[in-house]
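**Student:** Dropping a structure here in structure tokens format, bear with me for questions.
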Amino acid sequence: MSGFSEDMPFFDEPNARPPAPSGIAARAMAARSGHNNAPDYLNGLNPEQRLAVETTEGPVLVLAGAGTGKTRVLTTRIAHILATGKAFPSQILAVTFTNKAAREMKQRIGLLVGEKIEGMPWLGTFHSIGVKLLRRHAELAGLKSDFTILDTDDVVRLIKQLIQAEGLDDKRWPAKQFAQMIDGWKNKGLGPADIPEGDARAFANGKGRELYKAYQERLKTLNACDFGDLLCHPIRIFRANPDVLKEYHKRFRYILVDEYQDTNTAQYMWLRLLAQRPEGAGKSAGAGGKPVSPHVGEMSGRTEGGAQDRGASKDHNGNAGGTAPPSVGSADISPTRGEIGHSSAETRATVNICCVGDDDQSIYGWRGAEVDNILRFDKDFPGATIIRLERNYRSTAHILGTASHLIAHNEGRFGKTLFTEKIAEDDEKVHVHAAWDSEEEARAVGETIEAYQRPDKQGNRHNLNDMAILVRASFQMREFEDRFVTLGLNYRVIGGPRFYERLEIRDALAFFRVVAQGADDLAFERIVNVPKRGLGEATIRQIHDTARALRIPMLEAAEKLAESDELKPKPRAALREVAANFERWQKALETTPHTELAETILEESGYTDMWKNDRSVEAPGRLENLKELIRSMEEYESLRSFLEHVALVMDAEQNAELDAVNIMTLHSAKGLEFETVFLPGWEEGLFPHQRALDEGGRSGLEEERRLAYVGLTRAKKNLHLWFVSNRRIHGLWQSTIPSRFLEELPEAHVDVAESGNSYGGYGNSYGGGSFASGRGGRQNPYGASRFDNVGGNTDGEKSGAFSNTYATPGWQRAQQNRTEATDRNWGSRSGHQVERIGYGETDSGYGAGRTSVKGRTIDGELVAKSVADTPSAFSVGDRVFHQKFGNGNISAIDGNKLTIDFDKAGQKRVLDGFVTGV
DNA sequence: AGACTTGCTATTTTT
DNA sequence: TAGCAAGTCT
């Protein structure tokens with residue numbers, strides 16, 4: 001998808017009046033003025049949807065529940081803006097999270113508006129729009145406009161080099177971990193100067209900050225940036241160059257944001273900069289806080305770019321930039337809650353921003369998404385119109401009722417009540433099944449699928465394509481795959497390793513990258529010795545050192561070395577060849593069509609031969625992938641544009657031709673829908689996942705619950721949940737207890753089945769006891785009381801007689817199991833127990849602040865909803881005691897998460913509730 | 001350079 | 001338990 005044309009004049013008509021309505025626009029207007037009829041594209045919208053489409057002015061938040069026609073609203077709204085002549089396509093900024101969503105929107109707008117309208121140049125992911133901005137203004141971030149975008153792999157390798165260069169032990173300080181830390185900082189819009197002291201100290205013996213700085217400098221010399229920079233650089237550019245920002249203010253008349261609940265802080269800041277117009281001259285400052293809009297004087301010359309200049313300026317003489325500390329102070333760049341409010345007048349007048357999202361489907365908190373962004377919308381944009389889409393077009397009343405009842409257990413939410421008008425008597429309730437272990441679970445699901453596949457009484461049968469198995473963690477997939485293979489049942493796994501992550505693809509891309517951008521050292525290093533040319537570590541080190549010493553790219557250094565006598569004849573000859581190759585290819589870049597060139601490169605480098613001579617099983621597949629890669633290049637105009645899209649866009653298409661069951665994680669199921677959905681693994685520890693609980697406490701639990709909600713709402717007609725009594729975790733069998741979420745389902749819509757139809761066939765082999773663990777008759781501590789109406793629930797169902805429905809023997813045994821397992825479940829089993837704190841140890845009586853409820857601990861009580869709210873009572877340097885790890889010193893604090901260097905146990909991250917001061 | 005051994009870890013994933 | 005990555009030995 002080469003989507004938007006880069007060639008379009010930038011500010012094609014910055015101040016132009018929107019186009020005179022023509023084509024469908026004219027029809028639309030005629031229709032409206034002439035008779036009171038709505039134009040075609042508004043037909044079929046319900047009143048709320050229509051309101052969301054037609055309220056084009058001012059800030060609008062559309063709370064779109066699952067299956068309520070969110071994408072339709074978004075696309076129709078754009079069509080409406082275009083059709084009524086309110087803006088050119090190029091004056092609309094529309095951001096999504098994934099390329100898939102962007103592609104889909106483009107296509108649907110195309111359908112609504114007709115082919116004639118040019119593609120929207122500013123519709124895309126945050127990152128792809130970020131690249132576009134950055135390419136235009138690269139020099140303001142200290143880059144050249146042909147900068148390279150590094151992926152995670154490159155980043156990790158680069159950081160590893162830096163760690164080693166610092167003389168640090170790269171085992172004790174894993175590059176991967178640091179890469180994640182940097183990513184986290186960038187998600188918050190924090191530059192090296194802005195990161196909290198604790199964070200900076202937590203890594204590499206306190207060298208975290210320097211390392212981050214060194215990393216940014218290195219990126220600059222490489223003329224490269226990482227994914228986070230695609231957001232952060234534009235933010236800094238906007239802040240430091242009000243004139244640039246102003247041009248975009250002029251340009252973007254309408255801003256639309258999809259999946260607003262998934263925005264992270266950096267994305268939020270980016271949006272705020274673009275959305276907030278300082279027209280109330282000087283009045284842009286927030287109530288009692290720093291303005292979010294750019295403020296010239298304070299920032300001039302001291303941006304992140306400036307900081308990097310200084311770093312790089314040592315190269316030239318160290319006189320530029322002065323010695324002032326880098327100044328993207330956290331106050332400048334990171335909003336805190338207090339400062340967000342700002343005088344409403346100017347905002348209301350100018351910002352036509354429409355954010356669409358669903359707080360109940362926020363499931364990416366772990367990668368920096370801030371639900372608060374959506375919850376706070378009306379404070380950020382005073383006078384905002386909030387529109388709720390609650391009419392669901394997807395699921396049956398039972399499914400909807402179940403999902404709504406579950407999600408009502410969450411606190412921090414707007415609260416929506418989904419409803420449907422499709423109520424059919426013969427709709428099935430939501431099924432809950434128990435199985436002995438994961439193997440039986442897979443077997444039973446397989447049988448259920450086969451049953452659906454067979455024609456029923458009316459002769460209807462279900463396609464495999466309409467069924468999906470949604471798991472919490474990918475290890476669960478394997479059991480299903482194994483089972484389906486033996487059954488001969490087609491399946492496809494969605495997600496998983498991507499095309500461009502494959503070894504051969506990455507190698508090939510590295511060749512191309514060096515050709516396109518000679519300064520790409522990471523790519524160069526990857527392939528200098530591919531195929532093997534006898535350039536060992538020593539030679540590469542030498543190239544590297546030479547490059548660093550002379551401050552030139554490694555490719556150039558290699559050329560120089562090849563001409564000098566510093567190398568032994570063999571490596572020298574090899575290097576000379578490599579250098580000659582690249583020189584030739586770079587020349588050919590201007591003259592040869594890029595697909596042809598790509599083939600030549602792979603041929604001449606010996607890369608294809610390498611795989612042809614390789615007799616491993618994978619080799620033919622790899623060659624095939626290389627061909628596929630070349631084929632996919634045809635869609636792009638140049639090698640450069642191809643490489644850019646590879647970095648941001650590439651995703652492998654699945655063949656939809658085949659009728660196959662879909663297997664994927666709950667996360668990757670967001671946005672999809674299926675006739676029939678299977679949700680296996682509803683057990684404590686797995687779902688909600690133990691780690692989410694340990695690390696996220698209460699808010700972690702709520703996110704897990706939202707994940708459950710997402711899972712439930714994927715189903716249109718049939719929904720089957722499963723839990724097992726025994727699951728193998730890390731090779732050990734563990735007995736498990738049903739997920740607390742199962743208890744949170746409304747009795748009225750749920751049907752608890754005894755172990756499925758498979759049970760008869762296999763039951764005996766488990767020895768009648770099945771999941772009972774012994775003594776019967778123990779009181780179930782979770783009575784019906786927990787099912788009392790929680791918050792506003794849906795169809796007004798009452799949950800009184802819940803225990804009746806759940807009173808099957810299997811359920812009771814499982815319940816009983818649950819209590820017994822409390823003291824010996826996950827985590828407390830394995831001997832070493834890394835950081836699995838919380839469950840399992842709960843009854844042993846320590847752990848300040850935990851609240852025990854009916855024999856079980858709810859960790860959540862000790863963790864604040866959002867980390868920033870409750871600063872820890874401890875401070876860095878405090879000496880503390882932990883029951884399991886012993887004594888140690890606090891080296892960093894992040895909210896209530898402490899990083900502690902234990903005397904014996906090494907460095908651990910623990911919640912502050914688990915330690916006591918010494 | 002390639003085979004073998006050891007050690008570690010073990011959610012979710014986009015860009 | 002298993003799968004991978006890095007280290008060691010030949």
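Note on naming: chains are A, B, ... as they come in the structure tokens, residues start from 1 per chain, ligands start from 1 in the order shown.
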Could you list, as a count of residues only, the residues of chain A having an atom within 9 Å of chain B when counting only C-alpha atoms (C1' of nucleotides)?

**Tutor:** 30

**Student:** Would you mind listing, for every residue of chain C within 12 Å of chain A, the two atoms forming the shortest contact and the distance between them in Å to one decimal, using only C-alpha atoms (C1' of nucleotides), sorted by chain and ascending residue number, as a Markdown table?

**Tutor:**
| residue | atom | partner | partner_atom | distance |
| --- | --- | --- | --- | --- |
| C:DT1 | C1' | A:Gly731 | CA | 3.9 |
| C:DA2 | C1' | A:Gly731 | CA | 8.2 |
| C:DG3 | C1' | A:His730 | CA | 11.5 |
| C:DA5 | C1' | A:Lys171 | CA | 11.7 |
| C:DA6 | C1' | A:Lys171 | CA | 10.1 |

**Student:** Let's have the selection written as a PDB file, in the first residue's frame, with N, CA and C atoms (P, O5', C5', C4', C3', O3' and C1' of nucleotides).

**Tutor:**
ATOM      1  P    DT C   1      11.309 -32.936  32.860  1.00  0.00           P
ATOM      2  O5'  DT C   1      10.514 -32.907  31.486  1.00  0.00           O
ATOM      3  C5'  DT C   1       9.126 -32.574  31.539  1.00  0.00           C
ATOM      4  C4'  DT C   1       8.873 -31.446  30.564  1.00  0.00           C
ATOM      5  C3'  DT C   1       9.831 -31.443  29.391  1.00  0.00           C
ATOM      6  O3'  DT C   1       9.042 -31.267  28.235  1.00  0.00           O
ATOM      7  C1'  DT C   1       9.833 -29.306  30.439  1.00  0.00           C
ATOM      8  P    DA C   2       9.639 -31.565  26.858  1.00  0.00           P
ATOM      9  O5'  DA C   2       9.980 -30.056  26.465  1.00  0.00           O
ATOM     10  C5'  DA C   2       8.953 -29.177  26.055  1.00  0.00           C
ATOM     11  C4'  DA C   2       9.638 -27.908  25.602  1.00  0.00           C
ATOM     12  C3'  DA C   2      10.776 -28.166  24.617  1.00  0.00           C
ATOM     13  O3'  DA C   2      10.846 -27.048  23.751  1.00  0.00           O
ATOM     14  C1'  DA C   2      11.617 -27.050  26.428  1.00  0.00           C
ATOM     15  P    DG C   3      10.572 -27.174  22.250  1.00  0.00           P
ATOM     16  O5'  DG C   3      10.494 -25.653  21.776  1.00  0.00           O
ATOM     17  C5'  DG C   3      10.279 -24.589  22.713  1.00  0.00           C
ATOM     18  C4'  DG C   3      11.480 -23.691  22.812  1.00  0.00           C
ATOM     19  C3'  DG C   3      12.493 -23.822  21.655  1.00  0.00           C
ATOM     20  O3'  DG C   3      12.561 -22.566  21.019  1.00  0.00           O
ATOM     21  C1'  DG C   3      13.588 -23.774  23.751  1.00  0.00           C
ATOM     22  P    DA C   5      17.547 -17.023  20.349  1.00  0.00           P
ATOM     23  O5'  DA C   5      18.746 -16.549  21.267  1.00  0.00           O
ATOM     24  C5'  DA C   5      18.500 -16.107  22.601  1.00  0.00           C
ATOM     25  C4'  DA C   5      19.778 -16.242  23.392  1.00  0.00           C
ATOM     26  C3'  DA C   5      21.030 -15.867  22.602  1.00  0.00           C
ATOM     27  O3'  DA C   5      21.839 -15.049  23.421  1.00  0.00           O
ATOM     28  C1'  DA C   5      21.277 -18.025  23.524  1.00  0.00           C
ATOM     29  P    DA C   6      22.942 -14.129  22.739  1.00  0.00           P
ATOM     30  O5'  DA C   6      24.175 -14.427  23.708  1.00  0.00           O
ATOM     31  C5'  DA C   6      23.948 -14.779  25.071  1.00  0.00           C
ATOM     32  C4'  DA C   6      24.967 -15.798  25.487  1.00  0.00           C
ATOM     33  C3'  DA C   6      26.372 -15.546  24.933  1.00  0.00           C
ATOM     34  O3'  DA C   6      27.276 -15.503  26.018  1.00  0.00           O
ATOM     35  C1'  DA C   6      25.750 -17.809  24.654  1.00  0.00           C
TER      36       DA C   6
END

**Student:** Please report, as JSON, numbers by chain, each residue of stretch 351-586 of chain A to which DSSP assigns strand (DSSP E) when run on this structure's backbone.

**Tutor:** {"A": [353, 354, 355, 356, 357, 385, 386, 387, 388, 389, 430, 431, 432, 433, 434, 435, 436, 437, 467, 468, 469, 470, 471, 491, 492, 493]}

**Student:** Please measure the separation of atom CA of A:His594 and atom CA of A:Gln107, giving the value in Å to one decimal.

**Tutor:**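 Rounded to one decimal, the two atoms are 27.4 Å apart.
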
**Student:** Could you please determine the separation between atom CA of A:Val432 and atom CA of A:Leu464 in Å, to one decimal place?

**Tutor:**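 So the answer is 20.9 Å.
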
**Student:** Just checking: using only C-alpha atoms, which residue out of A:Tyr452, A:Phe203, A:Phe381, A:Tyr212 ends up closest to A:Val155?

**Tutor:**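 So, comparing all the options, the nearest one is A:Tyr212.
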
**Student:** Just want the 8 Å neighbourhood of A:Met554, counted on only C-alpha atoms (C1' of nucleotides), with same-chain residues fewer than 4 positions away dropped. Output as a PDB file with N, CA and C atoms, in the first residue's frame.

**Tutor:**
ATOM      1  N   ALA A 519      25.614   5.034   5.601  1.00  0.00           N
ATOM      2  CA  ALA A 519      26.029   5.236   6.984  1.00  0.00           C
ATOM      3  C   ALA A 519      25.355   4.263   7.948  1.00  0.00           C
ATOM      4  N   ASP A 521      25.534   1.678   9.857  1.00  0.00           N
ATOM      5  CA  ASP A 521      26.532   0.758  10.396  1.00  0.00           C
ATOM      6  C   ASP A 521      25.944  -0.548  10.904  1.00  0.00           C
ATOM      7  N   PHE A 524      25.425  -2.696   8.087  1.00  0.00           N
ATOM      8  CA  PHE A 524      26.723  -3.087   7.555  1.00  0.00           C
ATOM      9  C   PHE A 524      27.338  -4.216   8.378  1.00  0.00           C
ATOM     10  N   ILE A 543      37.496  -2.481  11.923  1.00  0.00           N
ATOM     11  CA  ILE A 543      36.705  -1.566  11.096  1.00  0.00           C
ATOM     12  C   ILE A 543      35.925  -0.614  11.998  1.00  0.00           C
ATOM     13  N   HIS A 544      35.347  -1.210  12.983  1.00  0.00           N
ATOM     14  CA  HIS A 544      34.540  -0.453  13.923  1.00  0.00           C
ATOM     15  C   HIS A 544      35.365   0.650  14.573  1.00  0.00           C
ATOM     16  N   THR A 546      38.213   1.947  13.649  1.00  0.00           N
ATOM     17  CA  THR A 546      38.639   2.949  12.671  1.00  0.00           C
ATOM     18  C   THR A 546      37.508   3.937  12.393  1.00  0.00           C
ATOM     19  N   ALA A 547      36.322   3.363  12.219  1.00  0.00           N
ATOM     20  CA  ALA A 547      35.169   4.208  11.937  1.00  0.00           C
ATOM     21  C   ALA A 547      34.920   5.184  13.073  1.00  0.00           C
ATOM     22  N   ALA A 558      35.896   0.672   6.078  1.00  0.00           N
ATOM     23  CA  ALA A 558      36.283  -0.580   5.435  1.00  0.00           C
ATOM     24  C   ALA A 558      37.042  -0.304   4.146  1.00  0.00           C
TER      25      ALA A 558
END

**Student:** Give me, please, the distance in Å between atom CA of A:Gln261 and atom CA of A:Val371, quoted to one decimal.

**Tutor:**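 Result for atom CA of A:Gln261 versus atom CA of A:Val371: 5.2 Å, one decimal.
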